[in-house]
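Student: Provided herewith is a single structure, encoded as structure tokens, for subsequent inquiry.
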Amino acid sequence: MHRALTVDDLVIASIALAAGLLAAFLLRMLLRWLGRHADRTRWRGDDVIVDALRTVVPWAAFLGGAASAGGVLPLTRTVQKHVNQSLTVVLIFVVTVTAARVVAGLVRAVTQSRSGVAGSATIFVNITRVLVLAIGFLVVLQTLGISIAPMLTALGVGGLAVALALQDTLANLFAGLHILASRTVQPGDYIRLSSGEEGYVEDINWRQTTVRALSNNLVVIPNGQLAKSNMTNFMRPEQQLTVLVQVGVAYDSDLEHVERVTAEVVAEVMKGTAGAVPDHEPAIRFHTFGDSRIGFTVILGVGEFSDQFRIKHEFIKALHRRYREEGIRIPAPTRTVALQQGPVSIPQQRGPHEVGDANAGHLD
């Protein structure tokens, strides 16, 4: 037989519960102080660990006080068992949720601190979080006396049906893992697909890749489609790249003078424009005798893909101004069109905005 509940039992239980609450409060204050010191360090891992301890340790202290209070009270064996089980399940739940957050935070911290790893890719974070939560759920079932062996068997049998039903989802999941493992695409890279989509990779999660276009719109691409597409990555193997600008000058121009002036303009723009590569050796290559001009290509070095637009803008303005000062002429395109009047051909010059086809006009 169990003795009756007395006032002393209630007092002692209250003291134990209050002690647990006080310990939880003091420990939380201590961990908050440690958190301020952890913020001063460069490693983000200690911030994650201290933040997790601020959740687990106070709860553990409170549950310990509750368990002590339950142990003092004259409870039956069955009730005592249920109380201990309930407190244990709550503690396992808190530890599991906290562990999932800690592991996910550590994975994120590690990936962001290493070059060549998907810094903001949530696929690794989500997978680790789901695995920790699943393990905690199985531990809770085992604590409650529920056998998990039949559940694992059922999951193994039903896994095939689930895999068949979720073929596209699983294909995107493994395609995302393959993309990240091969390091062909990482968040922050500028890519262009053969289908026309292009932009900066924002994130790679378990199903899709998010790309931010230069218009600041988000383009969502399934991982399976991204893995199968022909793709150009403008950030690899290195971030710097070269851009080509096509220029043309009149036939009566001194090409040596044109080359020297153009090189001076390139050097000026490379030094004074943000995103340019000053130590990049400019290249000027004449290549075409056109209808009305001698064409050449100017090769410029830029820091990354989006810098090319600003650099082209500044270069064309500076080159046009310098050519005008030096008397170098950039001719407008012209075309000779012959109009037939009887047996006589009359050549005429047409400007760039006139449309005509040789031998197409006939005068009666």
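Each chain in the structure tokens gets a letter, A, B, ..., in the order shown, and its residues are numbered from 1; ligands are numbered from 1 in order too.
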Within 9 Å of Ala24 (chain A), counting only C-alpha atoms, which residues show up once you throw out same-chain ones fewer than 5 positions away? Write them as a list in words, please.

Tutor: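 Neighbouring residues, sequence-local ones excluded: Ala19, Met29, Val57, Pro58, Trp59, Ala60, Ala61 and Phe62 of chain A.
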
Student: Pick out each residue of region 134-220 of chain A that DSSP on the backbone tags as strand (DSSP E); I need them as a PyMOL selection string.

Tutor: chain A and resi 190-193+198-204+208-212+218-220

Student: Residues of the last selection are to be written out with N, CA and C atoms, as a compact mmCIF listing (two decimals), in the first residue's frame.

Tutor:
```
# COMPACT_ATOMS: atom_id res chain seq x y z
N TYR A 190 27.28 32.40 -62.30
CA TYR A 190 26.41 32.89 -63.37
C TYR A 190 26.40 31.85 -64.47
N ILE A 191 25.22 31.33 -64.78
CA ILE A 191 25.10 30.25 -65.75
C ILE A 191 24.14 30.65 -66.87
N ARG A 192 24.28 29.97 -67.99
CA ARG A 192 23.36 30.13 -69.13
C ARG A 192 23.06 28.75 -69.68
N LEU A 193 21.79 28.40 -69.77
CA LEU A 193 21.37 27.11 -70.29
C LEU A 193 21.14 27.19 -71.78
N GLU A 198 19.20 32.22 -67.99
CA GLU A 198 20.51 32.59 -67.47
C GLU A 198 20.35 33.48 -66.26
N GLY A 199 21.38 33.49 -65.43
CA GLY A 199 21.38 34.33 -64.23
C GLY A 199 22.29 33.76 -63.17
N TYR A 200 22.24 34.38 -61.98
CA TYR A 200 23.06 33.95 -60.85
C TYR A 200 22.32 32.86 -60.07
N VAL A 201 23.02 31.79 -59.74
CA VAL A 201 22.43 30.70 -58.97
C VAL A 201 22.27 31.17 -57.52
N GLU A 202 21.02 31.20 -57.07
CA GLU A 202 20.72 31.63 -55.70
C GLU A 202 20.81 30.46 -54.72
N ASP A 203 20.22 29.32 -55.09
CA ASP A 203 20.16 28.20 -54.16
C ASP A 203 19.89 26.92 -54.93
N ILE A 204 20.36 25.80 -54.37
CA ILE A 204 20.10 24.47 -54.91
C ILE A 204 19.52 23.65 -53.76
N GLN A 208 14.81 21.73 -56.73
CA GLN A 208 14.98 22.70 -57.80
C GLN A 208 16.15 23.62 -57.53
N THR A 209 16.58 24.29 -58.59
CA THR A 209 17.62 25.30 -58.52
C THR A 209 17.01 26.65 -58.82
N THR A 210 17.27 27.62 -57.97
CA THR A 210 16.73 28.97 -58.14
C THR A 210 17.80 29.86 -58.73
N VAL A 211 17.46 30.52 -59.84
CA VAL A 211 18.39 31.38 -60.56
C VAL A 211 17.80 32.79 -60.60
N ARG A 212 18.60 33.77 -60.24
CA ARG A 212 18.17 35.17 -60.30
C ARG A 212 18.70 35.81 -61.57
N LEU A 218 13.24 35.71 -60.46
CA LEU A 218 13.71 34.38 -60.11
C LEU A 218 13.23 33.37 -61.14
N VAL A 219 14.16 32.56 -61.60
CA VAL A 219 13.86 31.48 -62.53
C VAL A 219 14.06 30.16 -61.78
N VAL A 220 13.02 29.34 -61.73
CA VAL A 220 13.07 28.06 -61.01
C VAL A 220 13.27 26.94 -62.02
```

Student: With a distance cut-off of 10 Å and only C-alpha atoms, select the neighbouring residues of region 124-134 of chain A, excluding the residue or stretch itself and same-chain residues fewer than 6 positions from it, and output the selection as a compact mmCIF listing (two decimals) with C-alpha atoms, in the first residue's frame.

Tutor:
```txt
# COMPACT_ATOMS: atom_id res chain seq x y z
CA PHE A 93 11.96 15.74 -28.24
CA VAL A 95 17.21 17.22 -27.66
CA THR A 96 16.19 15.97 -31.11
CA VAL A 97 14.90 19.33 -32.32
CA THR A 98 17.97 21.06 -30.92
CA ALA A 99 20.33 18.48 -32.41
CA ALA A 100 18.68 18.91 -35.81
CA ARG A 101 19.21 22.66 -35.58
CA VAL A 102 22.81 22.23 -34.41
CA VAL A 103 23.76 19.76 -37.14
CA ALA A 104 22.06 21.87 -39.79
CA GLY A 105 23.82 24.99 -38.51
CA LEU A 106 27.21 23.27 -38.46
CA VAL A 107 26.71 21.95 -41.99
CA ARG A 108 25.78 25.43 -43.15
CA THR A 111 29.85 24.81 -46.40
CA ALA A 118 27.76 25.07 -51.98
CA VAL A 140 10.87 8.16 -28.86
CA GLY A 176 20.88 18.06 -57.13
CA LEU A 177 23.29 15.90 -55.14
CA LEU A 180 26.79 19.75 -55.93
CA ILE A 204 20.10 24.47 -54.91
CA ASN A 205 17.60 22.58 -52.76
CA TRP A 206 16.23 19.03 -52.81
```

Student: Work out how far apart CA of Thr143 (chain A) and CA of Val83 (chain A) are and give it in Å to one decimal.

Tutor: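 Interatomic distance here is 12.7 Å.
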
Student: Using only C-alpha atoms, which of the listed residues (A:Glu238, A:Glu259, A:Glu314, A:Asp254) sits closest to Lys271 (chain A)?

Tutor: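 Ranked by minimum distance to Lys271 (chain A), first place goes to A:Glu314.
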
Student: By how many Å are CA of Leu63 (chain A) and CA of Leu34 (chain A) apart?

Tutor: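 About the pair CA of Leu63 (chain A) and CA of Leu34 (chain A): they are 22.6 Å apart.
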